[in-house]
Amino acid sequence: MSVRRGTYARQGDTVGPSERQRVFIEAARREFVRNGYGASSIRTIAQEAGVSLSALYYHYKNKQDLLLAILIDGVNAFDAMCDEELSRVGDDPVERLRALVVALVRFRTICQEQSLMIGTEVRNLEPENAAVYEQRRRSGNELLGSIIEDGMRSGAFTTPYPEDCRRSILAMTTSIANWYDPDGPDTPADIAARYGDLALLLLQPRP
């Protein structure tokens with residue numbers, strides 16, 4: 001069955017952090033980006049958040065819990081962007097593909113730190129937390145795959161390599177976080193338009 005906007009499977013905590021937890025997540029994110037997970041300490045994170053260690057421990061028992069919370073928060077932000085962009089279009093696979101590319105680009109530019117952390121810090125998740133994160137992360141991949149499947153089934157896309165296209169679209173949008181400059185000439189909208197064109201070239205839309 002195709003995965004439609006707003007209905008794709010999500011596992012784990014999707015309620016989102018409280019306002020208080022958000023302070024801790026942002027402080028830990030800054031610390032991890034600055035020094036890396038291994039070199040960061042829970043004490044320094046508490047100082048960054050302006051709270052006592054006991055206040056931090058009340059919400060997160062250790063640095064590992066904070067890392068998972070940051071990564072899940074990024075997935076939740078991505079899910080929300082997907083829902084927002086896909087709610088603007090109907091069921092046409094070409095429109096849905098462009099909308100999803102917009103969401104992918106928005107996440108990699110607006111949430112640049114989260115994107116970079118995914119590439120560097122997921123490896124530091126302990127096995128149980130890695131399984132939780134992987135299940136949550138998979139929803140975005142399934143959503144892109146479902147759009148491509150719909151397009152192949154309807155004849156909107158004609159590529160003989162749909163799975164290679166899916167992987168290529170994810171790879172090229174993921175790399176945006178590595179080079180995007182908020183002060184540069186390219187806006188997220190500019191990038192999304194170009195990458196939407198590139199994604200469609202890969203999928204060879206029906207004339």
# chains A, B, ... in the order shown; residues from 1 in each chain; ligands from 1
$ residues_around --residues "Thr120 in chain A" --least-positions-apart "2" --cutoff "10 Å" --atoms "only C-alpha atoms" --output "list in words"
Phe32, Val33, Gly36, Tyr37, Ser115, Leu116, Met117, Ile118, Val122, Arg123 and Asn124 of chain A
$ write_last_selection --atoms "C-alpha atoms" --output "short mmCIF file (atom, residue, chain, number, x, y, z; two decimals), in the first residue's frame"
data_model
loop_
_atom_site.label_atom_id
_atom_site.label_comp_id
_atom_site.auth_asym_id
_atom_site.auth_seq_id
_atom_site.Cartn_x
_atom_site.Cartn_y
_atom_site.Cartn_z
CA PHE A 32 27.97 18.21 20.46
CA VAL A 33 28.42 20.34 17.34
CA GLY A 36 31.69 16.19 19.36
CA TYR A 37 29.75 13.66 21.40
CA SER A 115 21.57 17.28 9.53
CA LEU A 116 25.30 17.42 10.18
CA MET A 117 24.91 15.65 13.51
CA ILE A 118 23.13 12.76 11.80
CA VAL A 122 24.47 8.42 14.89
CA ARG A 123 27.41 6.03 15.18
CA ASN A 124 27.61 6.91 18.89
#
$ residues_around --residues "Tyr161 in chain A" --least-positions-apart "6" --cutoff "12 Å" --atoms "only C-alpha atoms" --output "mmCIF file with C-alpha atoms, in the first residue's frame"
data_model
loop_
_atom_site.group_PDB
_atom_site.id
_atom_site.type_symbol
_atom_site.label_atom_id
_atom_site.label_comp_id
_atom_site.auth_asym_id
_atom_site.auth_seq_id
_atom_site.Cartn_x
_atom_site.Cartn_y
_atom_site.Cartn_z
ATOM 1 C CA ILE A 148 8.316 6.743 -6.804
ATOM 2 C CA GLU A 149 6.270 3.520 -6.744
ATOM 3 C CA MET A 152 6.049 4.032 -11.802
ATOM 4 C CA ARG A 167 19.002 6.389 -3.253
ATOM 5 C CA SER A 168 20.431 9.112 -5.486
ATOM 6 C CA LEU A 202 16.526 10.914 -12.810
ATOM 7 C CA LEU A 203 13.006 9.503 -12.804
ATOM 8 C CA GLN A 204 12.399 10.325 -16.490
#
$ select_by_dssp --residues "chain A" --states "helix (DSSP H, G or I)" --output "ChimeraX atom specification"
/A:19-35,42-49,53-59,63-86,93-110,112-124,127-154,162-174,176-179,188-203
$ residues_around --residues "Asn35 in chain A" --least-positions-apart "6" --cutoff "12 Å" --atoms "only C-alpha atoms" --output "PyMOL selection string"
chain A and resi 28-29+41+44-45+117+120-121
$ closest_residue --among "A:Leu143, A:Asp92, A:Ala46, A:Thr109" --to "Asp183 in chain A" --atoms "only C-alpha atoms"
A:Thr109
